[in-house]
Structure formats: C-alpha cells, structure tokens
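Source file: final.pdb; contents: PDB, C-alpha atoms.
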```
ATOM      1  CA  MET A 416     -12.253  33.212  13.389  1.00  0.00           C
ATOM      2  CA  ARG A 417     -10.310  30.553  11.574  1.00  0.00           C
ATOM      3  CA  ALA A 418     -10.627  26.881  12.272  1.00  0.00           C
ATOM      4  CA  LEU A 419      -7.353  26.331  14.053  1.00  0.00           C
ATOM      5  CA  ASP A 420      -5.114  23.308  14.262  1.00  0.00           C
ATOM      6  CA  GLY A 421      -5.258  23.710  18.042  1.00  0.00           C
ATOM      7  CA  ILE A 422      -8.162  23.287  20.399  1.00  0.00           C
ATOM      8  CA  VAL A 423     -10.666  26.030  21.116  1.00  0.00           C
ATOM      9  CA  THR A 424     -12.231  26.070  24.579  1.00  0.00           C
ATOM     10  CA  LEU A 425     -15.119  28.038  26.015  1.00  0.00           C
ATOM     11  CA  ILE A 426     -14.533  30.033  29.181  1.00  0.00           C
ATOM     12  CA  ASP A 427     -16.656  32.072  31.558  1.00  0.00           C
ATOM     13  CA  ASP A 428     -14.153  34.592  32.909  1.00  0.00           C
ATOM     14  CA  PRO A 429     -15.689  37.685  34.560  1.00  0.00           C
ATOM     15  CA  ASP A 430     -12.615  39.829  33.840  1.00  0.00           C
ATOM     16  CA  ILE A 431     -12.635  39.001  30.142  1.00  0.00           C
ATOM     17  CA  LEU A 432     -16.380  39.543  29.921  1.00  0.00           C
ATOM     18  CA  ALA A 433     -16.020  42.945  31.628  1.00  0.00           C
ATOM     19  CA  VAL A 434     -13.420  44.081  29.068  1.00  0.00           C
ATOM     20  CA  ALA A 435     -15.585  42.798  26.209  1.00  0.00           C
ATOM     21  CA  ARG A 436     -18.609  44.686  27.578  1.00  0.00           C
ATOM     22  CA  LYS A 437     -16.564  47.912  27.767  1.00  0.00           C
ATOM     23  CA  ALA A 438     -15.402  47.480  24.174  1.00  0.00           C
ATOM     24  CA  ALA A 439     -18.970  46.817  23.000  1.00  0.00           C
ATOM     25  CA  ALA A 440     -20.254  49.843  24.936  1.00  0.00           C
ATOM     26  CA  ALA A 441     -17.973  52.070  22.855  1.00  0.00           C
ATOM     27  CA  MET A 442     -20.219  51.261  19.862  1.00  0.00           C
ATOM     28  CA  PRO A 443     -23.753  51.117  21.292  1.00  0.00           C
ATOM     29  CA  GLU A 444     -25.360  51.466  17.861  1.00  0.00           C
ATOM     30  CA  ILE A 445     -23.974  48.053  16.817  1.00  0.00           C
ATOM     31  CA  PRO A 446     -26.159  45.201  18.141  1.00  0.00           C
ATOM     32  CA  LEU A 447     -23.672  42.328  17.880  1.00  0.00           C
ATOM     33  CA  HIS A 448     -19.887  42.513  18.051  1.00  0.00           C
ATOM     34  CA  GLY A 449     -17.044  40.143  17.388  1.00  0.00           C
ATOM     35  CA  ILE A 450     -14.400  41.127  19.927  1.00  0.00           C
ATOM     36  CA  ASP A 451     -10.947  39.559  19.901  1.00  0.00           C
ATOM     37  CA  LEU A 452      -9.202  39.620  23.276  1.00  0.00           C
ATOM     38  CA  VAL A 453      -5.920  38.279  24.609  1.00  0.00           C
ATOM     39  CA  ARG A 454      -4.514  38.019  28.104  1.00  0.00           C
ATOM     40  CA  ASP A 455      -0.839  38.587  28.861  1.00  0.00           C
ATOM     41  CA  ILE A 456       0.355  35.322  30.379  1.00  0.00           C
ATOM     42  CA  ASP A 457       2.806  37.095  32.707  1.00  0.00           C
ATOM     43  CA  THR A 458       0.737  40.045  33.946  1.00  0.00           C
ATOM     44  CA  GLY A 459      -2.821  38.829  33.440  1.00  0.00           C
ATOM     45  CA  GLU A 460      -3.660  42.100  31.701  1.00  0.00           C
ATOM     46  CA  ILE A 461      -6.388  41.816  29.064  1.00  0.00           C
ATOM     47  CA  PHE A 462      -6.123  43.579  25.713  1.00  0.00           C
ATOM     48  CA  VAL A 463      -8.655  44.189  22.952  1.00  0.00           C
ATOM     49  CA  LEU A 464      -7.033  43.220  19.667  1.00  0.00           C
ATOM     50  CA  GLU A 465      -9.919  44.216  17.447  1.00  0.00           C
ATOM     51  CA  VAL A 466     -13.664  44.706  17.330  1.00  0.00           C
ATOM     52  CA  ASN A 467     -15.592  43.486  14.297  1.00  0.00           C
ATOM     53  CA  PRO A 468     -18.844  45.448  14.258  1.00  0.00           C
ATOM     54  CA  ARG A 469     -19.661  44.956  10.570  1.00  0.00           C
ATOM     55  CA  GLY A 470     -20.363  41.270  10.513  1.00  0.00           C
ATOM     56  CA  TRP A 471     -18.555  38.057   9.713  1.00  0.00           C
ATOM     57  CA  THR A 472     -18.865  37.206  13.405  1.00  0.00           C
ATOM     58  CA  TRP A 473     -21.810  34.783  13.336  1.00  0.00           C
ATOM     59  CA  HIS A 474     -20.001  31.535  14.098  1.00  0.00           C
ATOM     60  CA  PHE A 475     -22.892  29.604  15.616  1.00  0.00           C
ATOM     61  CA  SER A 476     -23.578  28.215  12.141  1.00  0.00           C
ATOM     62  CA  SER A 477     -20.912  29.582   9.776  1.00  0.00           C
ATOM     63  CA  LYS A 478     -18.699  27.143   7.915  1.00  0.00           C
ATOM     64  CA  THR A 479     -15.700  28.153  10.044  1.00  0.00           C
ATOM     65  CA  GLY A 480     -17.729  28.066  13.253  1.00  0.00           C
ATOM     66  CA  LYS A 481     -19.119  24.603  12.570  1.00  0.00           C
ATOM     67  CA  LEU A 482     -15.655  23.256  11.762  1.00  0.00           C
ATOM     68  CA  THR A 483     -14.169  24.819  14.900  1.00  0.00           C
ATOM     69  CA  GLN A 484     -16.957  23.436  17.086  1.00  0.00           C
ATOM     70  CA  ARG A 485     -16.634  19.966  15.579  1.00  0.00           C
ATOM     71  CA  LYS A 486     -12.830  19.862  15.907  1.00  0.00           C
ATOM     72  CA  SER A 487     -12.925  21.155  19.485  1.00  0.00           C
ATOM     73  CA  ASN A 488     -16.046  19.261  20.583  1.00  0.00           C
ATOM     74  CA  ILE A 489     -17.812  22.404  21.795  1.00  0.00           C
ATOM     75  CA  ASP A 490     -21.152  24.128  21.161  1.00  0.00           C
ATOM     76  CA  PHE A 491     -20.977  27.904  20.808  1.00  0.00           C
ATOM     77  CA  ALA A 492     -24.754  28.285  21.107  1.00  0.00           C
ATOM     78  CA  ALA A 493     -24.796  26.491  24.457  1.00  0.00           C
ATOM     79  CA  GLN A 494     -22.459  29.010  26.076  1.00  0.00           C
ATOM     80  CA  PHE A 495     -24.450  31.808  27.733  1.00  0.00           C
ATOM     81  CA  ASP A 496     -27.560  30.621  25.822  1.00  0.00           C
ATOM     82  CA  GLY A 497     -26.011  32.478  22.890  1.00  0.00           C
ATOM     83  CA  LEU A 498     -28.685  32.053  20.236  1.00  0.00           C
ATOM     84  CA  ARG A 499     -31.465  33.235  22.544  1.00  0.00           C
ATOM     85  CA  LYS A 500     -29.422  36.239  23.672  1.00  0.00           C
ATOM     86  CA  ALA A 501     -28.508  37.166  20.101  1.00  0.00           C
ATOM     87  CA  ALA A 502     -32.169  36.904  19.070  1.00  0.00           C
ATOM     88  CA  GLU A 503     -33.253  39.098  21.994  1.00  0.00           C
ATOM     89  CA  VAL A 504     -30.687  41.761  21.121  1.00  0.00           C
ATOM     90  CA  LEU A 505     -31.623  41.744  17.435  1.00  0.00           C
ATOM     91  CA  ILE A 506     -35.351  41.940  18.247  1.00  0.00           C
ATOM     92  CA  ARG A 507     -34.798  44.852  20.634  1.00  0.00           C
ATOM     93  CA  VAL A 508     -32.656  46.789  18.162  1.00  0.00           C
ATOM     94  CA  THR A 509     -35.060  46.090  15.293  1.00  0.00           C
ATOM     95  CA  ARG A 510     -37.938  47.476  17.368  1.00  0.00           C
ATOM     96  CA  GLU A 511     -35.918  50.546  18.312  1.00  0.00           C
ATOM     97  CA  HIS A 512     -35.161  51.290  14.652  1.00  0.00           C
ATOM     98  CA  ALA A 513     -38.745  50.649  13.568  1.00  0.00           C
ATOM     99  CA  ARG A 514     -40.029  53.584  15.627  1.00  0.00           C
TER     100      ARG A 514
END
```
Would you mind writing the file's structure down as structure tokens?
Amino acid sequence: MRALDGIVTLIDDPDILAVARKAAAAMPEIPLHGIDLVRDIDTGEIFVLEVNPRGWTWHFSSKTGKLTQRKSNIDFAAQFDGLRKAAEVLIRVTREHAR
C-alpha cells in the first residue's frame, strides 16, 4: 500500500470479502494475507490483482498505513475489529505449529 494522493475509504462489501476469502483459502498455510482486489466499474466483476503472503501487509501501524489513515481520516484497526482478529489468527497458527 502506498499513501495515495486520493482518499482511501473502508468498505464492508460481502462480494469483495467472499473473493478475498477464496484467494486466502488457496494458501491456507499463510496466516495473514494482503490481497489487492479491483472491481470492474462496468460489469461489477471482482478481480484479484495480487496476494502478498510474505509480509509487508501490516498497515495498522506501518509508516505507510499511519500516513494513509491520517490523510483519509480512517482507522484500519476499527474495521472488523482487525487487531483482535489478527491476534486470534496468529495465536491459533502459533499453537498449531508448536505441536
């Protein structure tokens, strides 16, 4: 994610979330994903541009994430209770790998 000159908004779109879940399910061994999606403005079709399973996707507190949130007056952590969910996923996966 780059801090853009435009405005970033948070959405809660079931169709987009469904596509993101399918993309994440293709790599179940990765606990957290950065998934870039776009929607065709004419057809409404949703496309996965890329999945970033190796990191550089933690924008709750990254320099870029903080700048984006400040410029757009949003709070990434507030959407979907993101920090709690990320912690739960990381705890679960850590326990699975500790066995």
Requested in this report: Grab the CA of Arg499 (chain A) to CA of Pro443 (chain A) distance for me, in Å with one decimal place.
Outcome: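 Interatomic distance here is 19.5 Å.
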Write out as an mmCIF file with C-alpha atoms, in the frame of the given file the residues lying within 9 Å of Ile422 (chain A), counting all atoms listed in the file and excluding same-chain residues fewer than 3 positions away.
```cif
data_model
loop_
_atom_site.group_PDB
_atom_site.id
_atom_site.type_symbol
_atom_site.label_atom_id
_atom_site.label_comp_id
_atom_site.auth_asym_id
_atom_site.auth_seq_id
_atom_site.Cartn_x
_atom_site.Cartn_y
_atom_site.Cartn_z
ATOM 1 C CA LEU A 419 -7.353 26.331 14.053
ATOM 2 C CA THR A 483 -14.169 24.819 14.900
ATOM 3 C CA LYS A 486 -12.830 19.862 15.907
ATOM 4 C CA SER A 487 -12.925 21.155 19.485
ATOM 5 C CA ASN A 488 -16.046 19.261 20.583
#
```
Report summary line: Min atom-atom distance to His512 (chain A) from the set A:Ile445, A:Val466, A:Val423, A:Ala438, counting all atoms listed in the file, belongs to A:Ile445
Query - Point-to-point distance from CA of Thr472 (chain A) to CA of Gly459 (chain A), Å rounded to tenths - result: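 A separation of 25.7 Å between them.
CA of Asn467 (chain A) is found 19.7 Å from CA of Thr509 (chain A).
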**Report entry** Residue nearest Arg454 (chain A) among A:Asp430, A:Lys481, A:Phe475, A:Ala440 (counting all atoms listed in the file)
**Finding:**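 Closest residue, counting all atoms listed in the file: A:Asp430.
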Query raised in the report: Restricting the calculation to all atoms listed in the file, which member of A:Leu482, A:Ile426, A:Leu464, A:Ala435 is positioned closest to Leu447 (chain A)?
Result: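 Among A:Leu482, A:Ile426, A:Leu464, A:Ala435, it is A:Ala435 that comes nearest to Leu447 (chain A).
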Go ahead and fit an axis-aligned box to every listed atom of region 499-512 of chain A plus 6 Å each side, and pass me the centre and edge lengths in Å, one decimal, as lines of an AutoDock Vina configuration file.
```
center_x = -33.2
center_y = 42.3
center_z = 19.2
size_x = 21.4
size_y = 30.1
size_z = 21.0
```
